[in-house]
Protein chains: 2
Amino acid sequence: MTVINVGLIGLGTVGTGLVRIFHENGSLVENKLGFSLRLKKIAVKDISKAREIPLGKSVLTDKAREILDDPDIDIVVELVGGENPAKEFIISALNKGKSVVTANKLILAKHGKELFEIADKNAVDIGFEASVAGTIPIVRALEEGLAANKIEKIVAIVNGTTNYILTRMTQTFKTFDEALKEAQELGFAEADPSMDIKGNDSAYKLAILSMLAFGMKILPEDVFTEGITGVTPEHIERANSFGYVIKLIAVAESFNGKVSCRVHPVFLEAKHPLSAVQNEFNAIYVVGNAAGETMYYGRGAGQMPTASAVMSDVIELAERHFRDCKKKDCPSRVMETKTRSLFWREKSILPADEVFNKYYLCFPIVDQPGVIGKITTILGVHGISISAVKATIVDKSKNRGLVEIFTHSVREGTVKKALAEITGLSMLTESIFFYRIIE
Amino acid sequence: MTVINVGLIGLGTVGTGLVRIFHENGSLVENKLGFSLRLKKIAVKDISKAREIPLGKSVLTDKAREILDDPDIDIVVELVGGENPAKEFIISALNKGKSVVTANKLILAKHGKELFEIADKNAVDIGFEASVAGTIPIVRALEEGLAANKIEKIVAIVNGTTNYILTRMTQTFKTFDEALKEAQELGFAEADPSMDIKGNDSAYKLAILSMLAFGMKILPEDVFTEGITGVTPEHIERANSFGYVIKLIAVAESFNGKVSCRVHPVFLEAKHPLSAVQNEFNAIYVVGNAAGETMYYGRGAGQMPTASAVMSDVIELAERHFRDCKKKDCPSRVMETKTRSLFWREKSILPADEVFNKYYLCFPIVDQPGVIGKITTILGVHGISISAVKATIVDKSKNRGLVEIFTHSVREGTVKKALAEITGLSMLTESIFFYRIIE
């Protein structure tokens, strides 16, 4: 019976999950495959460390080289994380004719194109389903399920930490700091949560999704990024009062051949399918020119959900290597590579200021005659068309009020210019705040 | 440049959509593939019929044989629908070494296993992504994305007609008949809607999903099926009042190696991700033992969404045939077949009466002393444990009331027995109604 051998580098949370899947679902997987799939070697930093799963001593090594140099190993799973040496491991494996599976969003987002080219040259492939949105098979959806589509738009909740914080702020009127603390206590936020709450984690994932959807090398720094640290219970209350929820959203959109990639909080209409995505869950909403609207939902992190995605790639690559073995008489080992479906195009990013959105604008003001007129006049001068205005007295004794305005679709740069002008008016009592709207 | 040729049998709504995708997205697809994909021949009933898309006369034929016998055609797309001659076309194509793509849920549900075996024998494959839930890539999700999982449960909204009717009944308090009429006017329900409203369409799709998830030959008649014709505005109001919505749900669940497959309306908790699936949309919620909860959402029908799914299979199969061409020196043309992943097991169906659910029970009663006692005593005698009771006076002048009971998880057969006994009591003013609950 043919055996396809797998080598694993890195035995942290997800690596341990992968070993558990081999133990618990291994025979099911082999029944499906019709050949033997073996986890031959695991490279770890410290062999002597106690592990939560039983492992034969001979399986562990502290030398990744033993995996990379083993001619019997067809597939290398990189779960070391970080940039280096993970990247060197991946390149070395590819150059030795091994396929690679990784959950490493950082490497994929920064070096994806280069790695795919190395894979192509060696007629092997890279599986990276686990690098975006954990267990959700979004890479397959974009590469296979929607293969016949021009992708028009991706709107995604790809960061569980921030979605958990915003869900709790909405449900319990907690402040951002309180909700963050709760998330940390429950393990949904790290001790240093800045990558999550500032939106960078989402930007990395969006870079990978955009690359797949639009065939461009889009880097994390190409993504306009705003986090959720400025979201207050008042903002959430204002959103709710108009039938919206506040969510941290990653958007990639095609406009006349240019691509806009951005991460920021939005007012999301309550009837949008993403608005029901609660707590630490992720979901990716994709619009294709033939398929129309689709959405993919699941856990974006966690030991078993992420390991499930890693294993799905191991299975697919094992099938290909198996086929390859059976055809060893063939002159070349040209394999189908997913990378081919990255029909690379010249990068063409639409600057954030050029993007059109509808906006919610909130002006805390001194309640005096002419205030609404001044604000709306300035908006009008900039060509910003208003769909609704609401003026409320917040505190009668202090003569404080709120003017809330919903705009029609307008260029972001225009809005910022108008707001800068209004900011100069003396009638403002606090900072203006605004949210982009997704309906 | 290599050309992979596709033959299409049937040029109805979806077939026309496929031609449109070839026209509109063809060059995009070829860029991804790196080879030429050509729609060589289309078999129709009436060549002279006016078509909504321009087609060269030489492309059309009224003889399916011209496609089936053409050695240059690698992939046959069957969009004739119905059982015969569609099934003969599929078998003939497979036996001639062609791969087949079909959207035919009837054939897949009834004859899937046999067709996969014929495909296996001929080392070709059958793509059937479009046969369940239109554009949603659920076949791929089950076969690939969740390949490493034991599937525990599928809960699905796979019929757009009934979901539209129930959505409208909920939003506008229309009766079933009124909502059905509206659905028919909008093209969301057929003139004869019985396959949809009685749940049979969902049962066919569930049979296919269950086959994929559990590797058993499960036939539509193995699915316990109840439709939505009995759902009234009052039921919907009762559901809403307790924080539930009524949805027609298809469930496939594994219990100790046995599989329960059923289609019926349920009280679905408002926080369940499926409860936000509105109008004609479909969604499939899948729980895997590693991935946890996932959900897939999109349009279950319609020209372009369904054609998008058909084309995704054409693309995948074309890639395999292309690889095959490049390896023509090889002795055999063993291709990876998806069918292998149907690790067929002995069929083992759990009868509907053996299934455990929580229940909502509603008893319209004459308001007199002892009524609640009588009902709850009978439930108690049958070992049915109650989680909540609500008694309300509906019409004081007529002395009419309502006793509503929520149960803990209990065997369906037990509930039916107890309800039969309670039905005999004289204090009932109208029929008891009950709903299974999904939380």
# chains A, B, ... in the order shown; residues from 1 in each chain; ligands from 1
$ select_by_dssp --residues "stretch 157-397 of chain A" --states "helix (DSSP H, G or I)" --output "short mmCIF file (atom, residue, chain, number, x, y, z; two decimals) with C-alpha atoms, in the first residue's frame"
data_model
loop_
_atom_site.label_atom_id
_atom_site.label_comp_id
_atom_site.auth_asym_id
_atom_site.auth_seq_id
_atom_site.Cartn_x
_atom_site.Cartn_y
_atom_site.Cartn_z
CA GLY A 160 -12.34 37.13 16.08
CA THR A 161 -10.89 39.32 18.83
CA THR A 162 -12.39 42.56 17.56
CA ASN A 163 -15.67 40.91 16.62
CA TYR A 164 -15.91 39.54 20.14
CA ILE A 165 -15.18 42.96 21.66
CA LEU A 166 -17.75 44.73 19.46
CA THR A 167 -20.36 42.03 20.12
CA ARG A 168 -19.93 42.40 23.87
CA MET A 169 -19.96 46.21 23.69
CA THR A 170 -23.24 45.96 21.77
CA GLN A 171 -24.85 43.38 24.04
CA THR A 172 -23.78 44.76 27.40
CA PHE A 176 -13.97 49.16 24.75
CA ASP A 177 -11.49 48.67 27.61
CA GLU A 178 -13.92 46.55 29.63
CA ALA A 179 -14.79 44.37 26.65
CA LEU A 180 -11.12 43.95 25.76
CA LYS A 181 -10.37 42.86 29.31
CA GLU A 182 -13.17 40.29 29.16
CA ALA A 183 -11.87 39.01 25.80
CA GLN A 184 -8.40 38.65 27.28
CA GLU A 185 -9.74 36.73 30.26
CA SER A 194 -2.53 45.68 19.22
CA MET A 195 -2.26 43.65 15.99
CA ASP A 196 -5.93 42.78 16.38
CA ILE A 197 -7.53 45.96 17.69
CA ASN A 200 -3.41 44.90 11.20
CA ASP A 201 -4.31 41.25 11.58
CA SER A 202 -7.35 41.84 9.38
CA ALA A 203 -5.17 43.69 6.88
CA TYR A 204 -2.84 40.69 6.52
CA LYS A 205 -5.77 38.40 5.87
CA LEU A 206 -7.35 40.84 3.45
CA ALA A 207 -4.07 41.04 1.53
CA ILE A 208 -4.23 37.26 1.00
CA LEU A 209 -7.91 37.30 0.05
CA SER A 210 -7.36 40.20 -2.37
CA MET A 211 -4.44 38.42 -3.97
CA LEU A 212 -6.67 35.40 -4.59
CA ALA A 213 -9.67 37.39 -5.74
CA PHE A 214 -7.94 39.90 -7.98
CA PRO A 220 -0.57 44.49 3.98
CA GLU A 221 0.72 48.05 3.64
CA ASP A 222 -1.51 48.51 0.59
CA PRO A 233 -20.68 52.81 23.65
CA GLU A 234 -22.22 56.05 22.38
CA HIS A 235 -21.26 55.21 18.79
CA ILE A 236 -22.79 51.77 19.17
CA GLU A 237 -25.94 53.25 20.60
CA ARG A 238 -26.20 55.74 17.72
CA ALA A 239 -25.69 52.88 15.21
CA ASN A 240 -28.32 50.69 16.86
CA SER A 241 -30.82 53.53 17.00
CA PRO A 273 -25.89 38.65 6.45
CA LEU A 274 -22.62 39.66 8.18
CA SER A 275 -24.46 41.52 10.93
CA ALA A 276 -25.52 38.22 12.53
CA GLN A 303 -6.74 24.60 17.90
CA MET A 304 -9.06 22.16 16.15
CA PRO A 305 -10.75 24.54 13.69
CA THR A 306 -7.39 25.74 12.38
CA ALA A 307 -5.95 22.23 12.34
CA SER A 308 -9.00 21.11 10.36
CA ALA A 309 -8.09 23.61 7.64
CA VAL A 310 -4.42 22.55 7.71
CA MET A 311 -5.44 18.91 7.36
CA SER A 312 -7.76 19.69 4.44
CA ASP A 313 -4.72 20.95 2.55
CA VAL A 314 -2.61 17.97 3.61
CA ILE A 315 -5.32 15.67 2.23
CA GLU A 316 -5.56 17.49 -1.08
CA LEU A 317 -1.80 17.58 -1.59
CA ALA A 318 -1.46 13.96 -0.53
CA GLU A 319 -3.95 13.00 -3.24
CA ARG A 320 -1.86 14.81 -5.80
CA HIS A 321 1.38 13.24 -4.64
CA PHE A 322 -0.32 9.86 -4.66
CA ARG A 323 -1.44 10.38 -8.25
CA ASP A 324 2.08 11.44 -9.03
CA CYS A 325 3.54 8.26 -7.54
CA LYS A 326 1.25 6.17 -9.68
CA LYS A 338 -3.16 26.25 -7.44
CA THR A 339 -0.73 29.06 -7.97
CA ARG A 340 -1.56 29.00 -11.65
CA SER A 341 -4.95 30.32 -10.82
CA ALA A 352 -8.65 55.29 0.19
CA ASP A 353 -9.63 58.89 -0.57
CA GLU A 354 -10.93 57.83 -3.99
CA VAL A 371 -26.25 75.42 13.17
CA ILE A 372 -27.86 72.85 10.89
CA GLY A 373 -27.77 75.38 8.08
CA LYS A 374 -24.03 75.99 8.49
CA ILE A 375 -23.18 72.28 8.51
CA THR A 376 -25.41 71.34 5.62
CA THR A 377 -24.28 74.35 3.60
CA ILE A 378 -20.64 73.31 3.87
CA LEU A 379 -21.56 69.75 2.91
CA GLY A 380 -23.53 71.15 -0.01
CA VAL A 381 -20.65 73.32 -1.18
#
$ interface_residues --of "chain B" --to "chain A" --cutoff "6 Å" --atoms "only C-alpha atoms" --output "PDB file with C-alpha atoms, in the first residue's frame"
ATOM      1  CA  LYS B  32      -6.447  31.115 -14.867  1.00  0.00           C
ATOM      2  CA  THR B 135     -24.189  28.611  -6.251  1.00  0.00           C
ATOM      3  CA  PRO B 137     -19.934  25.469  -2.971  1.00  0.00           C
ATOM      4  CA  GLY B 145     -12.736  21.893   3.115  1.00  0.00           C
ATOM      5  CA  ALA B 147     -12.309  16.428   4.502  1.00  0.00           C
ATOM      6  CA  ALA B 148     -10.505  15.952   7.822  1.00  0.00           C
ATOM      7  CA  ALA B 290     -12.628  19.312  14.246  1.00  0.00           C
ATOM      8  CA  ALA B 291     -13.863  22.377  12.347  1.00  0.00           C
ATOM      9  CA  GLU B 293     -19.637  25.058  13.292  1.00  0.00           C
ATOM     10  CA  THR B 294     -19.442  26.361   9.734  1.00  0.00           C
ATOM     11  CA  MET B 295     -22.062  27.833   7.430  1.00  0.00           C
ATOM     12  CA  TYR B 296     -22.319  28.440   3.681  1.00  0.00           C
ATOM     13  CA  TYR B 297     -24.761  30.957   2.267  1.00  0.00           C
ATOM     14  CA  GLY B 298     -25.913  32.054  -1.176  1.00  0.00           C
ATOM     15  CA  MET B 304     -26.326  32.763 -13.249  1.00  0.00           C
ATOM     16  CA  PRO B 305     -25.834  31.454  -9.686  1.00  0.00           C
ATOM     17  CA  SER B 308     -21.611  29.563 -11.795  1.00  0.00           C
ATOM     18  CA  MET B 311     -18.874  26.156 -14.516  1.00  0.00           C
ATOM     19  CA  SER B 312     -16.822  25.625 -11.337  1.00  0.00           C
ATOM     20  CA  CYS B 330       1.363   7.075 -19.075  1.00  0.00           C
ATOM     21  CA  SER B 341     -14.156  10.073  -1.109  1.00  0.00           C
ATOM     22  CA  PHE B 343     -16.249   5.782   1.466  1.00  0.00           C
TER      23      PHE B 343
END
$ select_by_dssp --residues "stretch 74-110 of chain A" --states "strand (DSSP E or B)" --output "ChimeraX atom specification"
/A:74-78,99-102
$ write_last_selection --atoms "C-alpha atoms" --output "CSV table (one decimal), in the first residue's frame"
chain,number,residue,atom,x,y,z
A,74,ASP,CA,6.2,14.5,0.4
A,75,ILE,CA,4.4,17.2,2.4
A,76,VAL,CA,5.9,19.6,4.9
A,77,VAL,CA,3.5,21.4,7.3
A,78,GLU,CA,5.0,24.6,8.6
A,99,SER,CA,4.5,20.4,-1.1
A,100,VAL,CA,4.0,22.8,1.8
A,101,VAL,CA,1.0,23.5,4.0
A,102,THR,CA,1.1,26.5,6.2
$ residues_around --residues "B:Leu68" --least-positions-apart "5" --cutoff "10 Å" --atoms "only C-alpha atoms" --output "list in words"
Gly7, Leu8, Ile9, Lys63, Ile73, Asp74, Ile75, Val76, Phe89, Ile90, Ser92, Ala93, Leu94, Asn95, Lys96, Gly97 and Lys98 of chain B
$ closest_residue --among "B:Phe363, B:Phe356, B:Phe188, B:Phe267" --to "B:Glu253" --atoms "only C-alpha atoms"
B:Phe356
$ atom_distance --atom1 "atom CA of B:Arg436" --atom2 "atom CA of B:Ser409"
9.9 Å
$ closest_residue --among "B:Glu66, B:Ala252, B:Ala123, B:Leu60" --to "B:Ile154" --atoms "only C-alpha atoms"
B:Ala252
$ atom_distance --atom1 "atom CA of B:Ala391" --atom2 "atom CA of B:Glu430"
15.5 Å
$ atom_distance --atom1 "atom CA of A:Tyr359" --atom2 "atom CA of A:Ile405"
8.0 Å
